[in-house]
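Everything below belongs to coords-v5.pdb, which stores PDB, C-alpha atoms.
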```
ATOM      1  CA  MET F   1     121.182 109.262 116.356
ATOM      2  CA  ALA F   2     122.508 112.567 117.676
ATOM      3  CA  GLY F   3     122.214 114.429 114.351
ATOM      4  CA  ARG F   4     118.952 112.979 113.129
ATOM      5  CA  VAL F   5     115.503 113.944 114.269
ATOM      6  CA  GLN F   6     112.827 111.295 114.296
ATOM      7  CA  THR F   7     109.293 112.600 113.785
ATOM      8  CA  ALA F   8     105.925 110.982 113.369
ATOM      9  CA  ALA F   9     106.151 111.683 109.645
ATOM     10  CA  GLY F  10     109.315 109.594 109.259
ATOM     11  CA  PRO F  11     113.053 110.202 109.203
ATOM     12  CA  ALA F  12     114.402 113.684 108.545
ATOM     13  CA  GLY F  13     117.381 114.467 106.378
ATOM     14  CA  PRO F  14     118.709 112.942 103.147
ATOM     15  CA  ASN F  15     116.901 109.613 103.670
ATOM     16  CA  ARG F  16     113.554 111.299 103.618
ATOM     17  CA  ARG F  17     111.519 110.896 100.444
ATOM     18  CA  PRO F  18     110.332 114.109  98.816
ATOM     19  CA  ALA F  19     106.607 114.712  98.984
ATOM     20  CA  GLU F  20     104.829 114.693  95.674
ATOM     21  CA  TYR F  21     102.605 117.585  96.641
ATOM     22  CA  PRO F  22     104.169 119.469  99.531
ATOM     23  CA  ASP F  23     101.233 121.870  99.868
ATOM     24  CA  GLN F  24      98.667 119.103 100.332
ATOM     25  CA  ARG F  25      98.498 117.218 103.550
ATOM     26  CA  VAL F  26      97.008 113.799 103.722
ATOM     27  CA  GLN F  27      93.991 113.982 105.918
ATOM     28  CA  GLN F  28      93.001 110.799 107.650
ATOM     29  CA  THR F  29      89.294 110.250 107.863
ATOM     30  CA  PRO F  30      87.961 108.521 110.926
ATOM     31  CA  LYS F  31      86.796 104.992 110.281
ATOM     32  CA  LYS F  32      83.071 104.621 110.152
ATOM     33  CA  LYS F  33      81.385 101.988 112.209
ATOM     34  CA  LYS F  34      80.294  99.129 110.050
ATOM     35  CA  LYS F  35      76.554  98.861 110.089
ATOM     36  CA  PRO F  36      75.101  95.426 109.529
ATOM     37  CA  ARG F  37      73.847  95.219 105.991
ATOM     38  CA  HIS F  38      70.272  94.135 105.695
ATOM     39  CA  PHE F  39      69.279  92.923 102.300
ATOM     40  CA  TYR F  40      66.702  90.681 100.780
ATOM     41  CA  ASP F  41      67.060  87.894  98.313
ATOM     42  CA  TYR F  42      65.204  89.692  95.561
ATOM     43  CA  SER F  43      64.813  86.620  93.373
ATOM     44  CA  LEU F  44      63.109  84.794  96.247
ATOM     45  CA  LEU F  45      60.971  87.860  96.987
ATOM     46  CA  PHE F  46      59.949  88.035  93.323
ATOM     47  CA  CYS F  47      58.983  84.353  93.349
ATOM     48  CA  ILE F  48      56.860  84.838  96.473
ATOM     49  CA  ILE F  49      55.058  87.841  94.986
ATOM     50  CA  PHE F  50      54.556  86.073  91.646
ATOM     51  CA  LEU F  51      53.163  82.908  93.257
ATOM     52  CA  THR F  52      50.870  84.952  95.507
ATOM     53  CA  ALA F  53      49.515  86.915  92.538
ATOM     54  CA  PHE F  54      49.107  83.714  90.515
ATOM     55  CA  GLY F  55      47.247  82.106  93.423
ATOM     56  CA  LEU F  56      44.918  85.090  93.703
ATOM     57  CA  VAL F  57      44.114  84.853  89.988
ATOM     58  CA  MET F  58      43.400  81.129  90.366
ATOM     59  CA  ILE F  59      41.135  81.771  93.356
ATOM     60  CA  TYR F  60      39.244  84.373  91.355
ATOM     61  CA  SER F  61      38.866  82.142  88.316
ATOM     62  CA  SER F  62      37.637  79.174  90.339
ATOM     63  CA  SER F  63      35.312  80.964  92.760
ATOM     64  CA  SER F  64      33.957  84.083  91.072
ATOM     65  CA  TYR F  65      30.695  82.430  90.002
ATOM     66  CA  MET F  66      29.963  81.046  93.473
ATOM     67  CA  ALA F  67      30.961  84.337  95.124
ATOM     68  CA  GLN F  68      28.639  86.243  92.770
ATOM     69  CA  LEU F  69      25.716  83.953  93.638
ATOM     70  CA  ASN F  70      26.271  83.896  97.415
ATOM     71  CA  PHE F  71      27.744  87.347  98.188
ATOM     72  CA  ASP F  72      26.809  89.471  95.142
ATOM     73  CA  ASP F  73      30.523  90.155  94.668
ATOM     74  CA  GLY F  74      32.568  88.093  92.246
ATOM     75  CA  THR F  75      35.821  89.058  93.950
ATOM     76  CA  TYR F  76      34.760  88.176  97.506
ATOM     77  CA  PHE F  77      37.019  85.145  98.001
ATOM     78  CA  MET F  78      39.932  86.688  96.118
ATOM     79  CA  MET F  79      39.797  89.892  98.191
ATOM     80  CA  ARG F  80      39.550  87.891 101.410
ATOM     81  CA  GLN F  81      42.652  85.916 100.438
ATOM     82  CA  ALA F  82      44.424  89.119  99.296
ATOM     83  CA  LYS F  83      43.912  90.636 102.765
ATOM     84  CA  ILE F  84      45.354  87.499 104.365
ATOM     85  CA  ALA F  85      48.317  87.609 101.945
ATOM     86  CA  ALA F  86      48.946  91.285 102.742
ATOM     87  CA  GLY F  87      48.980  90.458 106.447
ATOM     88  CA  GLY F  88      51.396  87.633 105.700
ATOM     89  CA  PHE F  89      53.732  89.991 103.841
ATOM     90  CA  VAL F  90      53.736  92.433 106.762
ATOM     91  CA  LEU F  91      54.474  89.570 109.162
ATOM     92  CA  MET F  92      57.216  88.327 106.822
ATOM     93  CA  LEU F  93      58.895  91.758 106.817
ATOM     94  CA  LEU F  94      58.712  92.020 110.610
ATOM     95  CA  ILE F  95      60.218  88.572 111.101
ATOM     96  CA  SER F  96      62.965  89.298 108.569
ATOM     97  CA  LYS F  97      64.116  92.244 110.707
ATOM     98  CA  MET F  98      64.414  90.078 113.832
ATOM     99  CA  ASP F  99      67.645  88.450 114.950
ATOM    100  CA  TYR F 100      67.209  84.839 113.876
ATOM    101  CA  HIS F 101      69.465  83.540 116.664
ATOM    102  CA  ILE F 102      66.527  84.046 119.024
ATOM    103  CA  PHE F 103      64.677  81.233 117.283
ATOM    104  CA  ALA F 104      67.498  78.773 117.964
ATOM    105  CA  ARG F 105      67.235  79.366 121.706
ATOM    106  CA  PHE F 106      63.610  78.265 121.760
ATOM    107  CA  SER F 107      63.834  75.495 119.165
ATOM    108  CA  VAL F 108      63.730  72.559 121.585
ATOM    109  CA  ALA F 109      60.898  74.079 123.609
ATOM    110  CA  ALA F 110      58.933  74.772 120.423
ATOM    111  CA  TYR F 111      59.451  71.205 119.252
ATOM    112  CA  ILE F 112      58.238  69.781 122.578
ATOM    113  CA  MET F 113      55.277  72.173 122.473
ATOM    114  CA  SER F 114      54.408  70.938 118.987
ATOM    115  CA  TYR F 115      54.208  67.363 120.303
ATOM    116  CA  ILE F 116      51.968  68.511 123.152
ATOM    117  CA  LEU F 117      49.676  70.289 120.687
ATOM    118  CA  MET F 118      49.486  67.197 118.470
ATOM    119  CA  ILE F 119      48.464  65.084 121.461
ATOM    120  CA  ALA F 120      45.949  67.744 122.556
ATOM    121  CA  VAL F 121      44.191  67.448 119.199
ATOM    122  CA  SER F 122      43.255  63.864 120.085
ATOM    123  CA  PHE F 123      41.493  64.992 123.272
ATOM    124  CA  VAL F 124      40.089  68.481 122.669
ATOM    125  CA  GLY F 125      40.329  68.813 118.906
ATOM    126  CA  ARG F 126      37.401  69.978 116.818
ATOM    127  CA  GLU F 127      36.077  67.602 114.194
ATOM    128  CA  VAL F 128      35.823  69.011 110.677
ATOM    129  CA  ASN F 129      34.820  66.810 107.737
ATOM    130  CA  GLY F 130      35.046  63.674 109.869
ATOM    131  CA  LYS F 131      38.624  64.250 111.126
ATOM    132  CA  LYS F 132      40.001  65.842 114.293
ATOM    133  CA  ARG F 133      42.707  68.189 113.071
ATOM    134  CA  TRP F 134      41.822  71.586 114.506
ATOM    135  CA  LEU F 135      42.392  73.030 117.977
ATOM    136  CA  PRO F 136      39.861  75.646 119.082
ATOM    137  CA  LEU F 137      41.418  78.806 120.476
ATOM    138  CA  GLY F 138      38.598  81.167 121.415
ATOM    139  CA  PRO F 139      36.921  82.433 118.244
ATOM    140  CA  PHE F 140      39.768  81.024 116.140
ATOM    141  CA  SER F 141      40.990  77.530 115.474
ATOM    142  CA  PHE F 142      44.278  76.321 114.030
ATOM    143  CA  GLN F 143      45.952  73.151 112.866
ATOM    144  CA  PRO F 144      48.917  72.212 115.073
ATOM    145  CA  THR F 145      50.639  70.598 112.099
ATOM    146  CA  GLU F 146      51.436  74.083 110.790
ATOM    147  CA  PHE F 147      53.244  74.857 114.045
ATOM    148  CA  VAL F 148      55.020  71.481 113.877
ATOM    149  CA  LYS F 149      56.418  72.278 110.416
ATOM    150  CA  ILE F 150      58.016  75.520 111.581
ATOM    151  CA  ALA F 151      59.268  74.035 114.869
ATOM    152  CA  LEU F 152      60.878  71.092 113.081
ATOM    153  CA  ILE F 153      62.618  73.300 110.530
ATOM    154  CA  VAL F 154      64.010  75.593 113.243
ATOM    155  CA  LEU F 155      65.104  72.634 115.408
ATOM    156  CA  LEU F 156      66.904  70.922 112.529
ATOM    157  CA  ALA F 157      68.627  74.172 111.568
ATOM    158  CA  ALA F 158      69.794  74.659 115.176
ATOM    159  CA  VAL F 159      71.063  71.057 115.448
ATOM    160  CA  ILE F 160      72.922  71.225 112.141
ATOM    161  CA  THR F 161      74.485  74.556 113.117
ATOM    162  CA  THR F 162      75.695  73.320 116.498
ATOM    163  CA  MET F 163      77.053  70.055 115.101
ATOM    164  CA  GLY F 164      78.958  71.728 112.272
ATOM    165  CA  MET F 165      81.212  69.339 110.370
ATOM    166  CA  LYS F 166      80.610  66.555 112.894
ATOM    167  CA  ILE F 167      77.264  65.912 111.247
ATOM    168  CA  ASN F 168      78.997  64.090 108.392
ATOM    169  CA  LYS F 169      79.962  61.160 110.629
ATOM    170  CA  TRP F 170      77.539  58.266 111.065
ATOM    171  CA  ARG F 171      78.189  58.007 114.797
ATOM    172  CA  ASN F 172      77.256  61.645 115.410
ATOM    173  CA  MET F 173      74.157  61.444 113.237
ATOM    174  CA  ALA F 174      72.875  58.484 115.252
ATOM    175  CA  ILE F 175      73.517  60.266 118.551
ATOM    176  CA  SER F 176      71.838  63.508 117.423
ATOM    177  CA  SER F 177      68.666  61.695 116.361
ATOM    178  CA  PHE F 178      67.884  60.800 119.975
TER     179      PHE F 178
END
```
Represent the structure of the file as structure tokens.
Amino acid sequence: MAGRVQTAAGPAGPNRRPAEYPDQRVQQTPKKKKKPRHFYDYSLLFCIIFLTAFGLVMIYSSSSYMAQLNFDDGTYFMMRQAKIAAGGFVLMLLISKMDYHIFARFSVAAYIMSYILMIAVSFVGREVNGKKRWLPLGPFSFQPTEFVKIALIVLLAAVITTMGMKINKWRNMAISSF
């Protein structure tokens, strides 16, 4: 080792490979931080937009006569539903930007809350068309079953995720149902 010089570029002397382009130095670029890629399932987005547009056309075709008689505007019901759909799209975009792991933390609490809301309908629910299905909330009212649907989906997704491959065994499925 006395006659050879070791450098960061490699061994010096006859064992060193000749550079293909001695005038050009290889410049190392610093590695960029990987940004999380946010993307949408465009086929699903197209289906949502198509079904919304189709629904608006159906609302117009079925209610334009009644809207013209009652409100002097044949597009009254369609425009009302279009505003609601636009608000839904904005809400959908906002929720899609959120970290979905947050929902898993509150899944059990949301599921318990959905049961409480379903029981509350029996006591303080508003009767519409002979059935108690609506909970009054100030000037608004809502059906707790809509909240139950979302809470159940999120809870099942959280349970399946935490169980992993253990969900395929009968014993574990019976235990997780309680």
Can you tell me, as a PDB file with C-alpha atoms, in the coordinates of the input, which residues sit within 10 Å of (38.5, 89.2, 96.8) in the file's frame, using only C-alpha atoms?
```pdb
ATOM      1  CA  LEU F  56      44.918  85.090  93.703  1.00  0.00           C
ATOM      2  CA  VAL F  57      44.114  84.853  89.988  1.00  0.00           C
ATOM      3  CA  ILE F  59      41.135  81.771  93.356  1.00  0.00           C
ATOM      4  CA  TYR F  60      39.244  84.373  91.355  1.00  0.00           C
ATOM      5  CA  SER F  63      35.312  80.964  92.760  1.00  0.00           C
ATOM      6  CA  SER F  64      33.957  84.083  91.072  1.00  0.00           C
ATOM      7  CA  ALA F  67      30.961  84.337  95.124  1.00  0.00           C
ATOM      8  CA  ASP F  73      30.523  90.155  94.668  1.00  0.00           C
ATOM      9  CA  GLY F  74      32.568  88.093  92.246  1.00  0.00           C
ATOM     10  CA  THR F  75      35.821  89.058  93.950  1.00  0.00           C
ATOM     11  CA  TYR F  76      34.760  88.176  97.506  1.00  0.00           C
ATOM     12  CA  PHE F  77      37.019  85.145  98.001  1.00  0.00           C
ATOM     13  CA  MET F  78      39.932  86.688  96.118  1.00  0.00           C
ATOM     14  CA  MET F  79      39.797  89.892  98.191  1.00  0.00           C
ATOM     15  CA  ARG F  80      39.550  87.891 101.410  1.00  0.00           C
ATOM     16  CA  GLN F  81      42.652  85.916 100.438  1.00  0.00           C
ATOM     17  CA  ALA F  82      44.424  89.119  99.296  1.00  0.00           C
ATOM     18  CA  LYS F  83      43.912  90.636 102.765  1.00  0.00           C
TER      19      LYS F  83
END
```
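Here atom CA of Ile153 of chain F and atom CA of Ala109 of chain F stand 13.2 Å from one another.
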Between atom CA of Leu51 of chain F and atom CA of Leu135 of chain F - distance in Å to one decimal: 28.7 Å
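Atom CA of Ser114 of chain F is positioned 22.2 Å from atom CA of Met98 of chain F.
Compared by their closest atoms to Ser107 of chain F, and using all atoms listed in the file, the residues F:Val128, F:Leu155, F:Ala53, F:Met92 rank with F:Leu155 nearest.
The residue set within 12 Å of Ile116 of chain F, counting only C-alpha atoms and dropping same-chain residues fewer than 5 places from it, reads Ala109, Ala110, Tyr111, Val121, Ser122, Phe123, Val124, Leu135, Pro144, Thr145, Phe147 and Val148 of chain F.
Using only C-alpha atoms, the nearest neighbour of Ser141 of chain F within the list F:Thr52, F:Gly125, F:Val154, F:Lys34 is F:Gly125.
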Which residue out of F:Ala104, F:Asp72, F:Leu93, F:Phe46 has the minimum interatomic distance to Val159 of chain F when only C-alpha atoms are used? F:Ala104
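Residue nearest Leu156 of chain F within the list F:Phe54, F:Phe89, F:Tyr40, F:Phe103: F:Phe103 [criterion: smallest interatomic distance, only C-alpha atoms].
Take the candidates F:Asn129, F:Ile112, F:Leu45, F:Phe71 and check each one against Ser96 of chain F using all atoms listed in the file; the shortest distance goes to F:Leu45.
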